[in-house]
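The structure file protein22.csv is reproduced below (CSV, C-alpha atoms).
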chain,number,residue,atom,x,y,z
K,1,MET,CA,16.0,-41.2,69.5
K,2,SER,CA,19.5,-41.9,70.8
K,3,ALA,CA,20.0,-43.9,74.0
K,4,ALA,CA,21.3,-40.8,75.8
K,5,GLY,CA,18.1,-38.9,74.7
K,6,ARG,CA,15.9,-41.8,75.9
K,7,THR,CA,17.8,-41.9,79.2
K,8,LEU,CA,17.3,-38.2,79.7
K,9,ASP,CA,13.6,-38.5,79.0
K,10,LEU,CA,13.3,-41.3,81.5
K,11,LEU,CA,15.3,-39.4,84.2
K,12,ARG,CA,12.9,-36.4,83.8
K,13,SER,CA,10.0,-38.8,84.0
K,14,PHE,CA,11.4,-40.3,87.2
K,15,ASP,CA,11.5,-36.8,88.6
K,16,ARG,CA,7.9,-36.1,87.6
K,17,LEU,CA,6.8,-39.4,89.1
K,18,PHE,CA,8.4,-38.7,92.4
K,19,GLU,CA,7.1,-35.2,92.5
K,20,GLY,CA,3.6,-36.4,91.7
K,21,VAL,CA,3.5,-39.1,94.4
K,22,VAL,CA,4.9,-36.9,97.2
K,23,MET,CA,2.9,-33.8,96.4
K,24,SER,CA,-0.4,-35.5,95.3
K,25,ALA,CA,-0.2,-39.0,96.9
K,26,GLY,CA,-4.0,-39.5,96.9
K,27,GLU,CA,-4.0,-39.4,93.1
K,28,TRP,CA,-1.8,-42.4,92.8
K,29,ASP,CA,-3.1,-46.0,92.9
K,30,GLU,CA,-2.0,-49.2,91.3
K,31,ARG,CA,-3.6,-48.2,88.0
K,32,ALA,CA,-1.8,-44.9,87.9
K,33,PHE,CA,1.6,-46.6,88.5
K,34,SER,CA,0.8,-49.1,85.9
K,35,ASP,CA,-0.1,-46.4,83.4
K,36,TRP,CA,3.1,-44.5,84.2
K,37,LEU,CA,5.2,-47.6,83.7
K,38,GLU,CA,3.6,-48.4,80.4
K,39,ALA,CA,4.1,-44.9,79.2
K,40,ALA,CA,7.7,-44.9,80.4
K,41,ILE,CA,8.9,-48.3,78.9
K,42,GLY,CA,5.9,-49.7,77.1
K,43,ASP,CA,7.5,-49.4,73.7
K,44,GLY,CA,10.8,-50.9,75.0
K,45,GLU,CA,12.7,-48.5,72.7
K,46,SER,CA,16.4,-48.2,73.6
K,47,LEU,CA,16.1,-50.2,76.8
K,48,ASP,CA,17.7,-53.4,77.6
K,49,ARG,CA,16.8,-55.7,80.5
K,50,GLN,CA,19.1,-53.9,83.0
K,51,ALA,CA,17.5,-50.5,82.2
K,52,ALA,CA,14.0,-52.0,82.5
K,53,LYS,CA,14.9,-53.3,86.0
K,54,ILE,CA,16.1,-49.9,87.0
K,55,VAL,CA,12.9,-48.3,85.9
K,56,THR,CA,10.9,-51.0,87.9
K,57,ARG,CA,13.0,-50.2,91.0
K,58,ALA,CA,12.1,-46.5,90.6
K,59,VAL,CA,8.4,-47.4,90.5
K,60,ARG,CA,8.8,-49.4,93.7
K,61,ARG,CA,10.5,-46.5,95.4
K,62,ALA,CA,7.7,-44.2,94.1
K,63,GLN,CA,5.2,-46.6,95.6
K,64,ARG,CA,6.9,-46.4,99.0
K,65,LEU,CA,6.9,-42.6,98.7
K,66,GLN,CA,3.2,-42.6,97.9
K,67,ARG,CA,2.3,-44.8,100.9
K,68,TYR,CA,4.2,-42.5,103.2
K,69,TRP,CA,2.8,-39.3,101.9
K,70,ALA,CA,-0.7,-40.6,101.6
K,71,ILE,CA,-0.9,-40.6,105.5
K,72,ARG,CA,1.0,-37.4,106.1
K,73,THR,CA,-0.8,-34.1,106.3
K,74,ASP,CA,2.2,-31.8,106.3
K,75,GLY,CA,5.7,-31.8,105.0
K,76,PRO,CA,8.3,-29.7,103.2
K,77,GLU,CA,7.1,-27.5,100.3
K,78,ASP,CA,9.9,-28.8,98.1
K,79,TRP,CA,9.2,-32.2,96.6
K,80,ARG,CA,12.9,-33.1,96.6
K,81,MET,CA,13.0,-32.6,100.4
K,82,ARG,CA,10.0,-34.9,100.8
K,83,VAL,CA,11.9,-37.6,98.9
K,84,ASP,CA,14.9,-37.1,101.1
K,85,GLU,CA,12.8,-37.2,104.2
K,86,THR,CA,11.2,-40.4,103.2
K,87,LEU,CA,13.9,-42.4,101.6
K,88,GLY,CA,17.1,-40.4,102.0
K,89,SER,CA,19.8,-40.9,99.3
K,90,ALA,CA,18.3,-44.3,98.4
K,91,GLY,CA,15.4,-42.5,96.8
K,92,TRP,CA,17.8,-41.1,94.2
K,93,ARG,CA,19.7,-44.3,93.5
K,94,PRO,CA,17.5,-45.6,90.6
K,95,GLY,CA,18.1,-42.3,88.8
K,96,LEU,CA,21.8,-42.5,89.3
K,97,GLU,CA,21.8,-46.1,88.1
K,98,LEU,CA,19.9,-45.2,85.0
K,99,ALA,CA,22.2,-42.3,84.3
K,100,GLU,CA,25.2,-44.7,84.7
K,101,TRP,CA,23.6,-47.1,82.3
K,102,GLY,CA,23.0,-44.4,79.8
K,103,MET,CA,26.6,-43.1,80.0
K,104,ALA,CA,27.9,-46.7,79.4
K,105,VAL,CA,25.6,-47.1,76.4
K,106,ASP,CA,25.8,-43.6,74.8
K,107,PRO,CA,28.0,-41.0,76.6
K,108,ASP,CA,26.7,-37.5,76.2
K,109,PRO,CA,27.6,-34.2,77.9
K,110,GLU,CA,24.0,-33.4,78.9
K,111,LEU,CA,23.5,-36.9,80.3
K,112,PHE,CA,26.8,-36.5,82.2
K,113,GLU,CA,25.4,-33.4,83.9
K,114,GLU,CA,22.4,-35.4,85.0
K,115,TYR,CA,24.7,-38.2,86.1
K,116,SER,CA,26.8,-35.7,88.1
K,117,GLU,CA,23.7,-34.2,89.9
K,118,ARG,CA,22.4,-37.6,90.8
K,119,PHE,CA,25.8,-38.8,91.9
K,120,ARG,CA,26.0,-35.9,94.3
K,121,ALA,CA,22.5,-36.6,95.7
K,122,VAL,CA,23.3,-40.3,96.4
K,123,ASN,CA,27.0,-40.0,97.5
K,124,PHE,CA,27.0,-36.5,99.0
K,125,THR,CA,30.1,-35.6,97.0
K,126,PRO,CA,30.6,-34.2,93.5
K,127,VAL,CA,31.9,-36.1,90.6
K,128,ALA,CA,35.6,-35.4,90.4
K,129,LEU,CA,36.0,-35.4,86.7
K,130,ALA,CA,34.6,-33.3,83.8
K,131,PHE,CA,32.9,-35.0,80.9
K,132,GLU,CA,36.0,-35.0,78.7
K,133,GLU,CA,38.2,-36.5,81.5
K,134,TRP,CA,35.5,-39.1,82.2
K,135,LEU,CA,35.5,-40.1,78.5
K,136,GLU,CA,39.3,-40.5,78.5
K,137,ASN,CA,39.3,-42.6,81.7
K,138,ARG,CA,36.5,-45.0,80.9
So that I can check it, write out the structure of this file as structure tokens.
Amino acid sequence: MSAAGRTLDLLRSFDRLFEGVVMSAGEWDERAFSDWLEAAIGDGESLDRQAAKIVTRAVRRAQRLQRYWAIRTDGPEDWRMRVDETLGSAGWRPGLELAEWGMAVDPDPELFEEYSERFRAVNFTPVALAFEEWLENR
């Protein structure tokens, strides 16, 4: 699998992790986080040390989310709003960092779309360039 494909898989996995911990916090314990991490990077395929650190940061953010939502009895229906309520834009930063890493290693139009969405979530502004322009300017 290409580095871009691996990055896209991990970004989707981040989203499923965050959704799981904010919507079903009681189902997450240290073992569940460990299992998720092993499934996400256990094979080490296509990840360097920098990417592994980003994934670990995402798990730490997910653990903070889980602790918060484990004691809450109500909240927004949309899991993304729950992440925003708990961590604000910082909750989305590991995803942006991983997308940036992936774009540096293996630029890809689909990955650029993910990067653009996560850039907006963290910085509250859209990416000013299209993929082709970004490639030319890197």
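In this model, the gap between CA of Thr56 (chain K) and CA of Tyr68 (chain K) comes to 18.7 Å.
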>> List the spatial neighbours of region 62-65 of chain K as a VMD selection string - criterion: any atom at most 8 Å away, only C-alpha atoms, same-chain residues fewer than 3 positions off excluded.
In response: chain K and resid 17 to 18 21 to 22 33 58 to 59 68 to 69 83 86 to 87
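For the atom pair formed by CA of Arg82 (chain K) and CA of Arg67 (chain K), the distance is 12.5 Å, given to one decimal.
Here CA of Arg6 (chain K) stands at a distance of 10.5 Å from CA of Ala99 (chain K).
Among K:Lys53, K:Arg12, K:Arg60, K:Arg138, the residue with the shortest atom-to-atom distance to Ala104 (chain K), counting only C-alpha atoms, is K:Arg138.
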